[in-house]
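Below is coords-v7.cif, which holds mmCIF, C-alpha atoms, pLDDT in the B column; chains and numbers go by the auth columns.
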data_protein
loop_
_atom_site.group_PDB
_atom_site.id
_atom_site.type_symbol
_atom_site.label_atom_id
_atom_site.label_comp_id
_atom_site.label_asym_id
_atom_site.label_seq_id
_atom_site.Cartn_x
_atom_site.Cartn_y
_atom_site.Cartn_z
_atom_site.B_iso_or_equiv
_atom_site.auth_seq_id
_atom_site.auth_asym_id
ATOM 1 C CA SER A 1 19.839 16.670 7.176 40.00 247 A
ATOM 2 C CA LEU A 2 16.720 18.828 6.859 45.00 248 A
ATOM 3 C CA SER A 3 17.341 20.664 10.111 43.00 249 A
ATOM 4 C CA GLY A 4 17.576 24.385 9.507 46.00 250 A
ATOM 5 C CA ALA A 5 16.283 23.906 5.953 47.00 251 A
ATOM 6 C CA SER A 6 13.417 26.386 6.219 55.00 252 A
ATOM 7 C CA ASP A 7 14.978 28.648 3.555 67.00 253 A
ATOM 8 C CA TYR A 8 15.480 25.909 0.962 77.00 254 A
ATOM 9 C CA LYS A 9 13.719 26.775 -2.305 82.00 255 A
ATOM 10 C CA VAL A 10 13.705 25.438 -5.855 84.00 256 A
ATOM 11 C CA PHE A 11 15.470 27.671 -8.387 82.00 257 A
ATOM 12 C CA MET A 12 15.950 27.628 -12.142 86.00 258 A
ATOM 13 C CA ILE A 13 18.705 29.135 -14.283 87.00 259 A
ATOM 14 C CA ASP A 14 18.194 29.553 -18.039 88.00 260 A
ATOM 15 C CA THR A 15 21.562 28.667 -19.573 88.00 261 A
ATOM 16 C CA GLU A 16 20.626 30.276 -22.896 87.00 262 A
ATOM 17 C CA GLY A 17 18.504 33.225 -21.823 82.00 263 A
ATOM 18 C CA GLY A 18 20.944 34.518 -19.237 79.00 264 A
ATOM 19 C CA GLY A 19 20.052 36.136 -15.949 84.00 265 A
ATOM 20 C CA GLY A 20 20.277 34.884 -12.414 82.00 266 A
ATOM 21 C CA PRO A 21 18.419 32.157 -10.512 86.00 267 A
ATOM 22 C CA VAL A 22 14.615 32.327 -10.605 82.00 268 A
ATOM 23 C CA ALA A 23 12.719 30.929 -7.618 81.00 269 A
ATOM 24 C CA LEU A 24 10.017 28.438 -8.582 84.00 270 A
ATOM 25 C CA SER A 25 8.800 27.371 -5.146 78.00 271 A
ATOM 26 C CA ASP A 26 6.347 29.583 -3.289 68.00 272 A
ATOM 27 C CA ASN A 27 7.661 31.612 -0.356 57.00 273 A
ATOM 28 C CA GLU A 28 4.541 30.621 1.565 58.00 274 A
ATOM 29 C CA TYR A 29 5.942 27.111 2.018 56.00 275 A
ATOM 30 C CA CYS A 30 9.267 26.032 3.451 64.00 276 A
ATOM 31 C CA CYS A 31 11.947 23.509 2.739 75.00 277 A
ATOM 32 C CA ALA A 32 11.613 22.693 -0.980 76.00 278 A
ATOM 33 C CA ILE A 33 13.997 19.823 -1.777 77.00 279 A
ATOM 34 C CA ARG A 34 14.939 17.224 -4.439 85.00 280 A
ATOM 35 C CA PRO A 35 13.299 18.684 -7.570 90.00 281 A
ATOM 36 C CA LYS A 36 12.625 16.472 -10.607 93.00 282 A
ATOM 37 C CA VAL A 37 11.959 17.744 -14.140 94.00 283 A
ATOM 38 C CA TRP A 38 10.023 16.574 -17.191 96.00 284 A
ATOM 39 C CA LYS A 39 9.796 19.175 -19.964 95.00 285 A
ATOM 40 C CA ASP A 40 7.775 22.117 -18.530 95.00 286 A
ATOM 41 C CA ARG A 41 6.933 20.404 -15.242 95.00 287 A
ATOM 42 C CA ILE A 42 9.081 20.559 -12.116 93.00 288 A
ATOM 43 C CA VAL A 43 8.040 18.623 -9.014 93.00 289 A
ATOM 44 C CA TRP A 44 9.532 18.554 -5.531 89.00 290 A
ATOM 45 C CA TYR A 45 8.402 18.007 -1.967 87.00 291 A
ATOM 46 C CA GLN A 46 8.095 20.398 0.971 83.00 292 A
ATOM 47 C CA TYR A 47 6.672 20.175 4.459 80.00 293 A
ATOM 48 C CA PRO A 48 4.426 23.120 5.305 75.00 294 A
ATOM 49 C CA ASP A 49 3.060 22.770 8.833 75.00 295 A
ATOM 50 C CA GLY A 50 5.404 19.814 9.332 76.00 296 A
ATOM 51 C CA ARG A 51 3.569 17.606 6.806 81.00 297 A
ATOM 52 C CA GLY A 52 5.176 16.367 3.592 86.00 298 A
ATOM 53 C CA ARG A 53 3.546 17.605 0.377 89.00 299 A
ATOM 54 C CA ILE A 54 4.364 17.264 -3.322 91.00 300 A
ATOM 55 C CA PHE A 55 4.408 20.527 -5.263 91.00 301 A
ATOM 56 C CA MET A 56 4.646 21.282 -8.974 92.00 302 A
ATOM 57 C CA HIS A 57 5.580 24.296 -11.065 91.00 303 A
ATOM 58 C CA ASP A 58 4.415 24.458 -14.681 94.00 304 A
ATOM 59 C CA LEU A 59 6.703 26.614 -16.829 92.00 305 A
ATOM 60 C CA ALA A 60 4.020 26.872 -19.520 94.00 306 A
ATOM 61 C CA THR A 61 1.397 28.387 -17.209 94.00 307 A
ATOM 62 C CA GLY A 62 3.610 29.817 -14.458 91.00 308 A
ATOM 63 C CA GLU A 63 1.429 28.110 -11.847 91.00 309 A
ATOM 64 C CA THR A 64 2.843 26.614 -8.643 89.00 310 A
ATOM 65 C CA GLY A 65 1.008 24.613 -6.009 88.00 311 A
ATOM 66 C CA PRO A 66 0.392 21.254 -4.320 89.00 312 A
ATOM 67 C CA VAL A 67 -0.278 18.388 -6.718 92.00 313 A
ATOM 68 C CA PHE A 68 -3.014 17.068 -4.413 91.00 314 A
ATOM 69 C CA GLU A 69 -4.170 17.321 -0.812 86.00 315 A
ATOM 70 C CA SER A 70 -4.059 14.449 1.662 87.00 316 A
ATOM 71 C CA GLY A 71 -4.163 13.803 5.380 86.00 317 A
ATOM 72 C CA ALA A 72 -0.916 11.810 5.121 90.00 318 A
ATOM 73 C CA ASP A 73 2.647 12.831 4.229 90.00 319 A
ATOM 74 C CA GLN A 74 4.044 12.427 0.706 92.00 320 A
ATOM 75 C CA TRP A 75 7.718 12.749 -0.199 90.00 321 A
ATOM 76 C CA GLY A 76 10.588 11.407 -2.322 90.00 322 A
ATOM 77 C CA VAL A 77 8.885 12.221 -5.610 94.00 323 A
ATOM 78 C CA ALA A 78 9.974 10.984 -9.080 96.00 324 A
ATOM 79 C CA LEU A 79 8.559 12.215 -12.407 97.00 325 A
ATOM 80 C CA TRP A 80 8.137 10.514 -15.790 97.00 326 A
ATOM 81 C CA GLU A 81 5.982 12.083 -18.495 96.00 327 A
ATOM 82 C CA SER A 82 2.575 12.683 -16.844 96.00 328 A
ATOM 83 C CA ARG A 83 3.090 10.394 -13.825 97.00 329 A
ATOM 84 C CA ILE A 84 4.736 10.832 -10.451 97.00 330 A
ATOM 85 C CA ALA A 85 5.905 8.153 -8.005 97.00 331 A
ATOM 86 C CA TYR A 86 6.178 8.932 -4.297 95.00 332 A
ATOM 87 C CA PHE A 87 6.144 7.628 -0.742 92.00 333 A
ATOM 88 C CA ASP A 88 3.052 7.998 1.430 91.00 334 A
ATOM 89 C CA SER A 89 2.565 7.632 5.189 90.00 335 A
ATOM 90 C CA ARG A 90 -1.167 6.800 5.214 91.00 336 A
ATOM 91 C CA SER A 91 -0.450 3.317 6.645 90.00 337 A
ATOM 92 C CA GLY A 92 1.516 4.716 9.586 87.00 338 A
ATOM 93 C CA GLY A 93 4.191 7.172 10.677 85.00 339 A
ATOM 94 C CA SER A 94 5.263 10.296 8.835 82.00 340 A
ATOM 95 C CA MET A 95 7.922 11.619 6.479 82.00 341 A
ATOM 96 C CA PHE A 96 10.325 12.020 9.416 82.00 342 A
ATOM 97 C CA ASP A 97 9.390 8.691 11.049 83.00 343 A
ATOM 98 C CA PRO A 98 8.154 6.475 8.183 79.00 344 A
ATOM 99 C CA MET A 99 7.454 3.223 10.131 83.00 345 A
ATOM 100 C CA ASN A 100 5.098 1.798 7.472 88.00 346 A
ATOM 101 C CA SER A 101 5.391 4.023 4.406 89.00 347 A
ATOM 102 C CA ASP A 102 4.107 2.830 1.016 93.00 348 A
ATOM 103 C CA VAL A 103 4.821 3.558 -2.667 95.00 349 A
ATOM 104 C CA PHE A 104 2.251 5.071 -5.024 96.00 350 A
ATOM 105 C CA VAL A 105 2.050 6.371 -8.598 97.00 351 A
ATOM 106 C CA ARG A 106 -0.347 9.142 -9.630 96.00 352 A
ATOM 107 C CA ASP A 107 -1.348 10.295 -13.114 96.00 353 A
ATOM 108 C CA LEU A 108 -1.134 14.095 -13.228 95.00 354 A
ATOM 109 C CA GLY A 109 -3.804 14.270 -15.927 94.00 355 A
ATOM 110 C CA THR A 110 -6.499 12.066 -14.423 96.00 356 A
ATOM 111 C CA MET A 111 -5.227 12.193 -10.802 96.00 357 A
ATOM 112 C CA GLU A 112 -5.785 8.429 -10.669 96.00 358 A
ATOM 113 C CA GLU A 113 -3.618 6.827 -7.977 96.00 359 A
ATOM 114 C CA THR A 114 -2.065 3.350 -8.197 96.00 360 A
ATOM 115 C CA VAL A 115 -0.674 1.350 -5.276 95.00 361 A
ATOM 116 C CA VAL A 116 2.848 0.190 -6.162 96.00 362 A
ATOM 117 C CA CYS A 117 3.817 -1.352 -2.814 93.00 363 A
ATOM 118 C CA ASP A 118 1.964 -1.496 0.508 93.00 364 A
ATOM 119 C CA GLU A 119 4.053 -4.104 2.317 91.00 365 A
ATOM 120 C CA PRO A 120 3.787 -3.698 6.129 90.00 366 A
ATOM 121 C CA SER A 121 7.332 -2.328 6.375 88.00 367 A
ATOM 122 C CA ILE A 122 9.322 0.774 5.460 84.00 368 A
ATOM 123 C CA GLN A 123 9.583 1.757 1.825 86.00 369 A
ATOM 124 C CA CYS A 124 11.366 5.045 2.046 79.00 370 A
ATOM 125 C CA ASP A 125 13.797 7.755 0.999 77.00 371 A
ATOM 126 C CA GLN A 126 14.444 7.038 -2.684 85.00 372 A
ATOM 127 C CA VAL A 127 12.055 6.166 -5.528 94.00 373 A
ATOM 128 C CA ASP A 128 12.482 6.413 -9.305 96.00 374 A
ATOM 129 C CA LEU A 129 10.279 5.933 -12.359 97.00 375 A
ATOM 130 C CA PHE A 130 10.920 5.048 -16.002 97.00 376 A
ATOM 131 C CA GLY A 131 7.909 4.305 -18.193 96.00 377 A
ATOM 132 C CA ASP A 132 6.003 1.544 -16.399 96.00 378 A
ATOM 133 C CA VAL A 133 8.869 0.557 -14.068 97.00 379 A
ATOM 134 C CA VAL A 134 9.124 1.880 -10.486 97.00 380 A
ATOM 135 C CA VAL A 135 12.164 1.220 -8.261 96.00 381 A
ATOM 136 C CA TRP A 136 12.606 2.025 -4.577 93.00 382 A
ATOM 137 C CA ASN A 137 14.434 1.282 -1.303 89.00 383 A
ATOM 138 C CA ASP A 138 12.649 -1.381 0.755 88.00 384 A
ATOM 139 C CA GLN A 139 13.195 -2.705 4.299 85.00 385 A
ATOM 140 C CA ARG A 140 10.749 -5.624 4.321 88.00 386 A
ATOM 141 C CA ASN A 141 13.601 -8.131 4.808 84.00 387 A
ATOM 142 C CA ASP A 142 15.179 -6.205 7.671 78.00 388 A
ATOM 143 C CA PRO A 143 15.067 -7.885 11.124 78.00 389 A
ATOM 144 C CA ARG A 144 13.171 -4.752 12.220 83.00 390 A
ATOM 145 C CA PRO A 145 11.249 -3.810 9.048 82.00 391 A
ATOM 146 C CA ASN A 146 9.535 -0.822 10.675 81.00 392 A
ATOM 147 C CA ASP A 147 12.657 0.640 12.273 80.00 393 A
ATOM 148 C CA PRO A 148 14.231 3.549 10.316 72.00 394 A
ATOM 149 C CA ASP A 149 17.725 2.330 11.341 71.00 395 A
ATOM 150 C CA ASP A 150 18.627 0.820 7.946 61.00 396 A
ATOM 151 C CA VAL A 151 20.194 -2.581 8.615 66.00 397 A
ATOM 152 C CA ASN A 152 19.018 -4.496 5.545 76.00 398 A
ATOM 153 C CA VAL A 153 17.846 -2.350 2.643 81.00 399 A
ATOM 154 C CA ASP A 154 16.891 -3.931 -0.686 85.00 400 A
ATOM 155 C CA VAL A 155 16.198 -2.455 -4.101 89.00 401 A
ATOM 156 C CA TYR A 156 12.777 -3.481 -5.414 93.00 402 A
ATOM 157 C CA ALA A 157 11.204 -2.917 -8.823 95.00 403 A
ATOM 158 C CA ARG A 158 7.641 -3.270 -10.070 96.00 404 A
ATOM 159 C CA ASN A 159 6.312 -3.237 -13.608 96.00 405 A
ATOM 160 C CA LEU A 160 2.995 -1.397 -13.541 96.00 406 A
ATOM 161 C CA LEU A 161 1.708 -3.174 -16.654 95.00 407 A
ATOM 162 C CA SER A 162 2.490 -6.762 -15.690 96.00 408 A
ATOM 163 C CA GLY A 163 2.297 -6.280 -11.923 95.00 409 A
ATOM 164 C CA GLU A 164 5.570 -8.189 -11.524 95.00 410 A
ATOM 165 C CA GLU A 165 7.642 -7.212 -8.494 95.00 411 A
ATOM 166 C CA ARG A 166 11.292 -8.178 -8.060 93.00 412 A
ATOM 167 C CA ASN A 167 13.967 -7.814 -5.396 91.00 413 A
ATOM 168 C CA LEU A 168 16.867 -6.769 -7.630 87.00 414 A
ATOM 169 C CA MET A 169 19.779 -6.771 -5.202 73.00 415 A
ATOM 170 C CA PRO A 170 19.452 -8.206 -1.700 65.00 416 A
ATOM 171 C CA LEU A 171 21.795 -6.414 0.678 56.00 417 A
ATOM 172 C CA ALA A 172 22.948 -7.576 4.104 48.00 418 A
ATOM 173 C CA GLY A 173 24.688 -5.904 7.011 48.00 419 A
ATOM 174 C CA PRO A 174 24.979 -2.195 7.908 48.00 420 A
ATOM 175 C CA VAL A 175 24.732 0.150 4.971 51.00 421 A
ATOM 176 C CA ASN A 176 27.152 2.607 6.552 47.00 422 A
ATOM 177 C CA ASP A 177 24.727 5.524 6.118 51.00 423 A
ATOM 178 C CA LEU A 178 24.541 4.853 2.364 61.00 424 A
ATOM 179 C CA LEU A 179 21.106 3.843 1.133 74.00 425 A
ATOM 180 C CA PRO A 180 21.098 2.215 -2.321 80.00 426 A
ATOM 181 C CA VAL A 181 19.423 5.273 -3.983 85.00 427 A
ATOM 182 C CA PRO A 182 18.132 3.339 -7.021 91.00 428 A
ATOM 183 C CA ARG A 183 17.789 4.990 -10.429 93.00 429 A
ATOM 184 C CA VAL A 184 16.198 3.308 -13.442 96.00 430 A
ATOM 185 C CA TRP A 185 16.656 3.943 -17.162 96.00 431 A
ATOM 186 C CA GLY A 186 15.389 1.466 -19.723 94.00 432 A
ATOM 187 C CA HIS A 187 16.069 -2.066 -18.466 91.00 433 A
ATOM 188 C CA ARG A 188 18.953 -1.034 -16.186 93.00 434 A
ATOM 189 C CA VAL A 189 18.831 -0.032 -12.518 91.00 435 A
ATOM 190 C CA PHE A 190 21.718 1.834 -10.877 89.00 436 A
ATOM 191 C CA PHE A 191 22.360 2.177 -7.145 85.00 437 A
ATOM 192 C CA PHE A 192 24.951 2.733 -4.405 78.00 438 A
ATOM 193 C CA MET A 193 26.590 -0.236 -2.731 71.00 439 A
ATOM 194 C CA MET A 194 29.600 -0.918 -0.539 63.00 440 A
ATOM 195 C CA SER A 195 32.314 -2.441 -2.720 57.00 441 A
ATOM 196 C CA ALA A 196 32.790 -5.598 -0.628 49.00 442 A
ATOM 197 C CA GLY A 197 31.058 -7.569 2.096 51.00 443 A
ATOM 198 C CA GLN A 198 27.585 -6.222 1.451 47.00 444 A
ATOM 199 C CA LEU A 199 26.213 -9.093 -0.582 48.00 445 A
ATOM 200 C CA GLU A 200 25.064 -12.129 1.336 50.00 446 A
ATOM 201 C CA PRO A 201 27.873 -14.724 1.655 41.00 447 A
ATOM 202 C CA HIS A 202 25.982 -17.371 -0.333 34.00 448 A
ATOM 203 C CA ASP A 203 25.250 -15.012 -3.198 43.00 449 A
ATOM 204 C CA ASP A 204 27.334 -15.969 -6.254 38.00 450 A
ATOM 205 C CA ARG A 205 26.938 -12.681 -8.103 37.00 451 A
ATOM 206 C CA PRO A 206 30.048 -10.474 -8.502 35.00 452 A
ATOM 207 C CA GLN A 207 30.542 -8.250 -5.492 37.00 453 A
ATOM 208 C CA GLY A 208 30.785 -4.539 -6.121 37.00 454 A
ATOM 209 C CA ARG A 209 28.514 -4.596 -9.138 37.00 455 A
ATOM 210 C CA ARG A 210 26.347 -1.488 -9.323 43.00 456 A
ATOM 211 C CA VAL A 211 24.102 -2.152 -12.337 49.00 457 A
ATOM 212 C CA ARG A 212 21.302 -4.719 -12.458 49.00 458 A
ATOM 213 C CA ARG A 213 19.401 -5.651 -15.605 55.00 459 A
ATOM 214 C CA LEU A 214 15.605 -5.918 -15.436 59.00 460 A
ATOM 215 C CA ALA A 215 15.530 -8.432 -18.305 50.00 461 A
#

Go ahead and express the file in the form of structure tokens.
Amino acid sequence: SLSGASDYKVFMIDTEGGGGPVALSDNEYCCAIRPKVWKDRIVWYQYPDGRGRIFMHDLATGETGPVFESGADQWGVALWESRIAYFDSRSGGSMFDPMNSDVFVRDLGTMEETVVCDEPSIQCDQVDLFGDVVVWNDQRNDPRPNDPDDVNVDVYARNLLSGEERNLMPLAGPVNDLLPVPRVWGHRVFFFMMSAGQLEPHDDRPQGRRVRRLA
């Protein structure tokens, strides 16, 4: 829960240089959570003034600040090389009530933004990025696709080069407060799943399997 999280900040400890934790997030903004790292760049999201924003600290320059400004909320950031993937509420709702959140990728060098998924349903909570592959939690197949009560959450993947989108593991029934939380590395996607009864009855794949191959 993010309630009472106003003092959350992003810290770094140098395991070779010694010393204590060093705060990377700015005290001006509250609730820094879920940092991701690529070399000298650390990204995370916060919600100053109640609106979700993606922030970045550059160890090379020492600079910290929002990656970009927007009238919508952004959250759930992932980082790979010079690109970030994130959720965005511009189609409806907010970080705390997503309703119709979408998935985007942005190049940190050019600031060019790419739509990954803008289905009229909730894409929310967890996104990951490896090279040209983006994976995320998706509720488009839920009986109530715009209701944050996660009844049917799938793991989707899209290849940014080919444009191919795939539903990697259709889930059915209550998720018992455990979203799949997909993570991608190479051609493999990892995620949480209940060990039995979560796959659809007609699905002939082994139940309890937690790794799906992209190819």

**Target residues per the PyMOL selection byres ((chain A and resi 305) around 9), formatted as a PyMOL selection string** = chain A and resi 285-288+303-304+306-309

**Request:** Up to 10 Å from (-5.4, 5.0, -2.9) in the file's coordinates: name the residues, counting all atoms listed in the file, as an MDAnalysis selection string.
**Result:** chainID A and resid 334 336 350:352 358:361

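For the pair CA of Arg429 (chain A) and CA of Val401 (chain A), the separation is 9.9 Å.
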
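Interatomic distance, CA of Asp388 (chain A) against CA of Cys363 (chain A): 16.2 Å.
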
**Item:** Nearest-residue call for Gly409 (chain A), choices A:Val268, A:Ile330, A:Ile259, A:Val379, using all atoms listed in the file
**Value:** A:Val379

**Message:** Neighbouring residues of region 364-377 of chain A were defined as those with any atom within 9 Å, considering all atoms listed in the file; residues of the same chain fewer than 3 positions away were excluded. Please report them as a ChimeraX atom specification.
**Reply:** /A:321-327,329-334,337,341,344-350,361,380-388,390-394,405-406,425-432

**Prompt:** Between A:Asn413, A:Thr261, A:Ser328, A:Ser316, which is the closest to Val289 (chain A) once you count all atoms listed in the file?
**Reply:** A:Ser328

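The two atoms in question, CA of Arg280 (chain A) and CA of Val399 (chain A), are spaced 21.0 Å apart.
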
**Item:** Within 9 Å of Arg299 (chain A) using all atoms listed in the file, minus same-chain residues under 6 positions, as a ChimeraX atom specification
**Value:** /A:290-293,312-316,318-321

**Shortest interatomic distance to Asp295 (chain A) - which of A:Val256, A:Cys277, A:Ala269, A:Met415, counting all atoms listed in the file** =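 Of A:Val256, A:Cys277, A:Ala269, A:Met415, the one nearest Asp295 (chain A), counting all atoms listed in the file, is A:Cys277.
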
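Distances to Asn398 (chain A) were evaluated for A:Thr310, A:Met439, A:Asp343, A:Arg412 using all atoms listed in the file, and the minimum falls at A:Met439.
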
**Asked** Nearest to Ser271 (chain A) among A:Val435, A:Met302, A:Val283, A:Met357, with distances taken over all atoms listed in the file: which residue is it?
**Response**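 Result for the nearest residue to Ser271 (chain A): A:Met302.
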
Need the axis-aligned box for region 398-409 of chain A with 4 Å each side, so what are the centre and edges in Å to one decimal, as AutoDock Vina command-line options?
--center_x 10.4 --center_y -4.1 --center_z -5.6 --size_x 25.3 --size_y 13.4 --size_z 30.2
